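Note: the block below is entry09.tsv and it holds TSV, C-alpha atoms.
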chain	number	residue	atom	x	y	z
I	39	MET	CA	0.00	0.00	0.00
I	40	ALA	CA	2.82	2.39	0.88
I	41	SER	CA	4.56	1.35	-2.32
I	42	SER	CA	1.42	2.12	-4.32
I	43	GLY	CA	1.17	5.57	-2.73
I	44	ILE	CA	4.81	6.35	-3.48
I	45	GLN	CA	4.35	5.14	-7.05
I	46	ARG	CA	1.33	7.38	-7.55
I	47	LEU	CA	3.27	10.32	-6.13
I	48	PHE	CA	6.03	9.61	-8.62
I	49	TYR	CA	3.50	9.58	-11.47
I	50	VAL	CA	2.08	12.94	-10.36
I	51	VAL	CA	5.48	14.59	-9.94
I	52	TRP	CA	6.85	13.26	-13.22
I	53	THR	CA	3.69	14.33	-15.09
I	54	ILE	CA	4.00	17.84	-13.65
I	55	ILE	CA	7.67	18.03	-14.67
I	56	LYS	CA	7.08	16.70	-18.19
I	57	LEU	CA	4.18	19.07	-18.82
I	58	ASN	CA	6.17	22.05	-17.60
I	59	LEU	CA	9.23	21.18	-19.69
I	60	TYR	CA	7.12	20.70	-22.81
I	61	PHE	CA	5.32	23.97	-22.10
I	62	LEU	CA	8.64	25.83	-22.01
I	63	LEU	CA	9.94	24.04	-25.10
I	64	PHE	CA	6.88	24.79	-27.23
I	65	SER	CA	6.61	28.33	-25.89
I	66	PHE	CA	10.11	29.01	-27.17
I	67	MET	CA	9.32	27.20	-30.41
I	68	GLY	CA	6.67	29.85	-30.99
I	69	GLY	CA	9.06	32.65	-30.04
I	70	LEU	CA	7.18	33.07	-26.74
I	71	VAL	CA	4.74	35.56	-28.29
I	72	PHE	CA	3.14	32.88	-30.48
I	73	GLY	CA	4.04	29.89	-28.35
I	74	ILE	CA	2.72	30.49	-24.84
I	75	GLY	CA	-1.00	30.50	-25.71
I	76	PRO	CA	-1.18	27.18	-27.58
I	77	ALA	CA	1.31	25.54	-25.19
I	78	PHE	CA	-0.77	26.53	-22.15
I	79	GLN	CA	-3.94	25.30	-23.85
I	80	THR	CA	-2.28	22.02	-24.77
I	81	MET	CA	-1.33	21.39	-21.14
I	82	SER	CA	-4.97	21.75	-20.18
I	83	ASP	CA	-6.08	19.42	-22.98
I	84	LEU	CA	-3.60	16.68	-22.09
I	85	LEU	CA	-4.43	16.84	-18.39
I	86	THR	CA	-8.13	16.58	-19.12
I	87	GLU	CA	-7.71	13.69	-21.53
I	88	TYR	CA	-4.98	11.67	-19.80
I	89	GLY	CA	-4.88	12.87	-16.19
I	90	ILE	CA	-1.60	11.96	-14.48
I	91	ASN	CA	-0.68	9.31	-17.06
I	92	TYR	CA	2.83	10.57	-17.75
I	93	GLN	CA	3.26	7.96	-20.52
I	94	GLU	CA	0.76	9.88	-22.66
I	95	VAL	CA	2.49	13.22	-22.06
I	96	THR	CA	4.82	12.80	-25.02
I	97	PHE	CA	6.49	15.13	-27.49
I	98	LYS	CA	4.28	13.75	-30.25
I	99	ASN	CA	1.02	14.35	-28.35
I	100	PHE	CA	2.11	17.80	-27.21
I	101	LEU	CA	3.16	18.76	-30.73
I	102	ALA	CA	-0.16	17.61	-32.16
I	103	GLY	CA	-2.06	19.58	-29.51
I	104	TRP	CA	0.14	22.64	-29.96
I	105	LYS	CA	-0.52	22.68	-33.71
I	106	ALA	CA	-4.27	22.17	-33.22
I	107	ASN	CA	-4.41	24.97	-30.63
I	108	PHE	CA	-2.09	27.37	-32.43
I	109	LYS	CA	-4.74	29.67	-33.89
I	110	ARG	CA	-7.28	29.82	-31.07
I	111	GLY	CA	-4.66	29.52	-28.33
I	112	ASN	CA	-2.89	32.60	-29.67
I	113	LEU	CA	-6.18	34.42	-30.12
I	114	HIS	CA	-7.21	33.85	-26.51
I	115	PHE	CA	-3.78	34.53	-25.06
I	116	GLY	CA	-3.31	37.65	-27.19
I	117	LEU	CA	-6.69	39.02	-26.18
I	118	PHE	CA	-6.03	38.57	-22.48
I	119	ALA	CA	-2.42	39.75	-22.76
I	120	VAL	CA	-3.51	43.03	-24.35
I	121	LEU	CA	-6.29	43.49	-21.82
I	122	THR	CA	-3.89	42.78	-18.95
I	123	PHE	CA	-1.35	45.26	-20.31
I	124	VAL	CA	-3.94	48.02	-20.64
I	125	LEU	CA	-5.30	47.43	-17.13
I	126	ALA	CA	-1.82	47.15	-15.59
I	127	TYR	CA	-0.68	50.38	-17.27
I	128	ASN	CA	-3.75	52.25	-16.06
I	129	LEU	CA	-3.25	50.79	-12.58
I	130	TYR	CA	0.32	52.10	-12.64
I	131	LEU	CA	-0.88	55.57	-13.64
I	132	ALA	CA	-3.64	55.60	-11.01
I	133	ALA	CA	-1.16	54.58	-8.31
I	134	GLN	CA	1.02	57.60	-9.11
I	135	ILE	CA	-1.75	60.08	-8.29
I	136	GLN	CA	-2.70	60.89	-4.70
I	137	GLY	CA	-6.27	61.16	-3.55
I	138	LEU	CA	-9.11	58.97	-2.34
I	139	LEU	CA	-10.77	58.80	-5.75
I	140	TRP	CA	-7.60	57.54	-7.42
I	141	LEU	CA	-7.08	55.04	-4.62
I	142	ILE	CA	-10.55	53.64	-5.27
I	143	ILE	CA	-9.87	53.53	-9.02
I	144	ALA	CA	-6.57	51.73	-8.39
I	145	PHE	CA	-8.31	49.17	-6.18
I	146	LEU	CA	-11.00	48.57	-8.82
I	147	LEU	CA	-8.40	48.16	-11.55
I	148	PHE	CA	-6.49	45.67	-9.40
I	149	PHE	CA	-9.67	43.66	-8.79
I	150	VAL	CA	-10.45	43.66	-12.52
I	151	LEU	CA	-6.90	42.42	-13.21
I	152	LEU	CA	-7.48	39.49	-10.87
I	153	MET	CA	-10.81	38.81	-12.55
I	154	VAL	CA	-9.13	38.80	-15.97
I	155	LEU	CA	-6.61	36.22	-14.73
I	156	VAL	CA	-9.38	33.89	-13.52
I	157	LEU	CA	-11.33	34.56	-16.72
I	158	PHE	CA	-8.36	33.41	-18.79
I	159	LEU	CA	-8.07	30.21	-16.75
I	160	TYR	CA	-11.77	29.46	-17.23
I	161	THR	CA	-11.45	30.20	-20.95
I	162	THR	CA	-8.58	27.72	-21.22
I	163	LEU	CA	-10.49	25.02	-19.34
I	164	TYR	CA	-13.70	25.49	-21.33
I	165	GLU	CA	-11.79	25.51	-24.62
I	166	THR	CA	-10.72	21.99	-23.69
I	167	SER	CA	-14.30	20.86	-23.02
I	168	TYR	CA	-16.48	22.60	-25.64
I	169	GLU	CA	-16.32	23.34	-29.34
I	170	ILE	CA	-17.94	26.78	-29.39
I	171	SER	CA	-17.18	30.20	-30.81
I	172	THR	CA	-14.74	32.48	-29.04
I	173	LEU	CA	-17.52	34.92	-28.14
I	174	ASN	CA	-19.66	32.23	-26.51
I	175	LEU	CA	-16.58	30.80	-24.83
I	176	LEU	CA	-15.82	34.18	-23.26
I	177	LYS	CA	-19.44	34.59	-22.18
I	178	LEU	CA	-19.39	31.18	-20.52
I	179	ALA	CA	-16.10	31.95	-18.76
I	180	PHE	CA	-17.37	35.36	-17.64
I	181	ILE	CA	-20.52	33.87	-16.12
I	182	SER	CA	-18.47	31.20	-14.36
I	183	VAL	CA	-16.28	33.79	-12.64
I	184	PHE	CA	-19.34	35.10	-10.77
I	185	LEU	CA	-21.01	31.78	-9.99
I	186	ASN	CA	-19.28	31.36	-6.66
I	187	PHE	CA	-17.11	34.01	-4.99
I	188	GLY	CA	-15.57	31.32	-2.79
I	189	VAL	CA	-14.27	29.49	-5.87
I	190	PHE	CA	-12.92	32.79	-7.21
I	191	LEU	CA	-10.95	33.31	-3.99
I	192	LYS	CA	-9.85	29.66	-4.00
I	193	VAL	CA	-8.37	30.04	-7.49
I	194	LEU	CA	-6.58	33.27	-6.55
I	195	PHE	CA	-5.21	31.78	-3.32
I	196	GLY	CA	-3.75	28.83	-5.19
I	197	VAL	CA	-2.27	30.98	-7.95
I	198	ALA	CA	-0.78	33.41	-5.42
I	199	SER	CA	0.70	30.50	-3.45
I	200	ILE	CA	2.27	28.97	-6.55
I	201	LEU	CA	3.74	32.32	-7.59
I	202	ALA	CA	5.05	33.00	-4.07
I	203	ILE	CA	6.72	29.58	-3.80
I	204	THR	CA	8.17	30.03	-7.30
I	205	TRP	CA	9.57	33.42	-6.28
I	206	TYR	CA	11.61	31.76	-3.53
I	207	CYS	CA	12.36	28.57	-5.50
I	208	LYS	CA	13.23	29.80	-8.98
I	209	GLY	CA	13.84	26.25	-10.22
I	210	LEU	CA	10.07	25.69	-10.23
I	211	ILE	CA	9.86	27.93	-13.30
I	212	VAL	CA	11.60	25.17	-15.23
I	213	PHE	CA	10.11	22.13	-13.52
I	214	ALA	CA	6.64	22.85	-12.17
I	215	ALA	CA	5.21	26.39	-11.95
I	216	PHE	CA	3.18	26.54	-15.17
I	217	SER	CA	1.82	23.00	-15.03
I	218	LEU	CA	0.82	23.57	-11.40
I	219	LEU	CA	-1.19	26.63	-12.46
I	220	VAL	CA	-3.18	24.53	-14.91
I	221	ILE	CA	-3.64	21.68	-12.43
I	222	TRP	CA	-4.75	23.99	-9.63
I	223	SER	CA	-7.16	25.97	-11.82
I	224	GLY	CA	-8.75	22.72	-12.99
I	225	TYR	CA	-9.09	21.43	-9.43
I	226	ALA	CA	-10.33	24.70	-7.91
I	227	THR	CA	-12.98	25.37	-10.57
I	228	LYS	CA	-14.21	21.79	-10.89
I	229	ASP	CA	-17.52	22.31	-9.03
I	230	ASN	CA	-18.40	25.41	-11.05
I	231	ARG	CA	-17.60	23.69	-14.33
I	232	ILE	CA	-19.70	20.66	-13.40
I	233	LEU	CA	-22.60	23.01	-12.61
I	234	VAL	CA	-22.21	24.77	-15.95
I	235	ASP	CA	-22.03	21.43	-17.75
I	236	ARG	CA	-25.28	20.31	-16.14
I	237	LYS	CA	-27.01	23.57	-17.05
I	238	LEU	CA	-25.88	23.24	-20.65
I	239	ALA	CA	-27.02	19.61	-20.76
I	240	VAL	CA	-30.51	20.64	-19.62
I	241	HIS	CA	-30.82	23.21	-22.42
I	242	GLU	CA	-29.64	20.89	-25.18
Kindly present the structure from the file in structure tokens form.
Amino acid sequence: MASSGIQRLFYVVWTIIKLNLYFLLFSFMGGLVFGIGPAFQTMSDLLTEYGINYQEVTFKNFLAGWKANFKRGNLHFGLFAVLTFVLAYNLYLAAQIQGLLWLIIAFLLFFVLLMVLVLFLYTTLYETSYEISTLNLLKLAFISVFLNFGVFLKVLFGVASILAITWYCKGLIVFAAFSLLVIWSGYATKDNRILVDRKLAVHE
């Protein structure tokens, strides 16, 4: 029994490492700008399809997923990257100005930034599950963000924890950080996504 538990732990750790290494490889293959989006989406797809089966996390499978996700993965990532840049720049400007009004604006911008992050994670997860237009995908992700505030906080707590640990253990950038973000977002939003899936099934 102890041996089985250790073996399962090995599978999980090795799957996390392989996914992260492939993510970095294919991100650089796309020159980062055109590689991150499809690589991140492919991680989500492989985790959903194969779970912690590290034997299925292969170069061939990742390459096939990366190619299939190239167009829409870049579209989604580009959209959220631009939106994040605009919000972050305005947050920076608002933080430079003193006054209660600007403090409130800065707080609102910061909250919207967090919402955009969670929205991107939902978009990635739903892209794995449904074949729908980008507009409907974004609508579905947007609705999901507000389904349960507790889930929203749960996602943010996990993401913040992963980023904080990575800050102190820089090696995680190479071996685990990005795959952990996908794994955590999938785990933390599972209940909301199941609820959405049931609602959609009723209306079909």
Would you mind listing, for every residue of region 82-143 of chain I within 8 Å of region 147-153 of chain I, the two atoms forming the shortest contact and the distance between them in Å to one decimal, using all atoms listed in the file, sorted by chain and ascending residue number, as CSV?
residue,atom,partner,partner_atom,distance
I:Thr122,CA,I:Leu151,CA,6.5
I:Leu125,CA,I:Leu147,CA,6.4
I:Ala126,CA,I:Leu151,CA,7.3
I:Asn128,CA,I:Leu147,CA,7.7
I:Leu129,CA,I:Leu147,CA,5.9
I:Ile143,CA,I:Leu147,CA,6.1
Phe158 (chain I) environment, 12 Å, only C-alpha atoms, sequence neighbours closer than 6 positions dropped, as a list of chain:residue names: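 With the cut-off at 12 Å, the set is I:Gly75, I:Phe78, I:Gln79, I:Gly111, I:Leu113, I:His114, I:Phe115, I:Gly116, I:Leu117, I:Phe118, I:Ala119, I:Leu121, I:Thr122, I:Leu151, I:Leu152, I:Tyr164, I:Glu165, I:Leu175, I:Leu176, I:Lys177, I:Leu178, I:Ala179, I:Phe180, I:Ser182, I:Val183, I:Val193, I:Leu219, I:Val220, I:Ser223.
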What does the distance from CA of Asn91 (chain I) to CA of Tyr49 (chain I) come to in Å, to one decimal?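 Separating CA of Asn91 (chain I) from CA of Tyr49 (chain I) is a distance of 7.0 Å.
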Between I:Ser82, I:Gly196, I:Arg110, I:Phe216, which residue has the minimum interatomic distance to Ser171 (chain I), considering all atoms listed in the file? I:Arg110
Given only C-alpha atoms as the counted atoms, nearest of I:Tyr168, I:Thr161, I:Lys208, I:Asn58 to Ile181 (chain I):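 For Ile181 (chain I), the nearest of the candidates is I:Thr161.
Shortest separation to Met67 (chain I) among I:Phe108, I:Met81, I:Gly89, I:Asn230 occurs at residue I:Phe108, atoms counted being all atoms listed in the file.
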Residues around (4.5, 12.5, -9.7), cut-off 12 Å, counting all atoms listed in the file - what are they as a list in words?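 Here is the list of nearby residues: Gly43, Ile44, Gln45, Arg46, Leu47, Phe48, Tyr49, Val50, Val51, Trp52, Thr53, Ile54, Ile55, Lys56, Leu57, Gly89, Ile90, Asn91, Tyr92, Gln93, Phe213, Ala214 and Leu218 of chain I.
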Would you compute the distance between CA of Ile221 (chain I) and CA of Val240 (chain I)? Give it in Å to one decimal. 27.8 Å
Which value, in Å to one decimal, gives the distance between CA of Asn107 (chain I) and CA of Ile203 (chain I)?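 Rounded to one decimal, the two atoms are 29.4 Å apart.
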Could you work out an axis-aligned bounding box for all listed atoms of region 156-162 of chain I, with 8 Å added on each of the six sides, and give its centre and edge lengths in Å to one decimal, as AutoDock Vina command-line options?
--center_x -9.9 --center_y 31.1 --center_z -17.4 --size_x 19.7 --size_y 22.8 --size_z 23.7
Spatial neighbours of Trp104 (chain I), 8 Å, only C-alpha atoms, chain gap at least 6 places, as a PDB file with C-alpha atoms, in the frame of the given file:
ATOM      1  CA  PHE I  64       6.880  24.790 -27.230  1.00  0.00           C
ATOM      2  CA  PRO I  76      -1.180  27.180 -27.580  1.00  0.00           C
ATOM      3  CA  ALA I  77       1.310  25.540 -25.190  1.00  0.00           C
ATOM      4  CA  GLN I  79      -3.940  25.300 -23.850  1.00  0.00           C
ATOM      5  CA  THR I  80      -2.280  22.020 -24.770  1.00  0.00           C
TER       6      THR I  80
END
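Between Tyr127 (chain I) and the residues I:Val197, I:Thr227, I:Ala144, I:Val71, the shortest atom-to-atom distance, using only C-alpha atoms, involves I:Ala144.
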Nearest residue to Leu101 (chain I) out of I:Leu173, I:Ile142, I:Leu84, I:Leu159, using all atoms listed in the file?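 Answer, going by the shortest atom-to-atom distance: I:Leu84.
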Could you check which of I:Phe145, I:Tyr160, I:Tyr88, I:Phe100 is closest to Ser65 (chain I), using all atoms listed in the file? I:Phe100
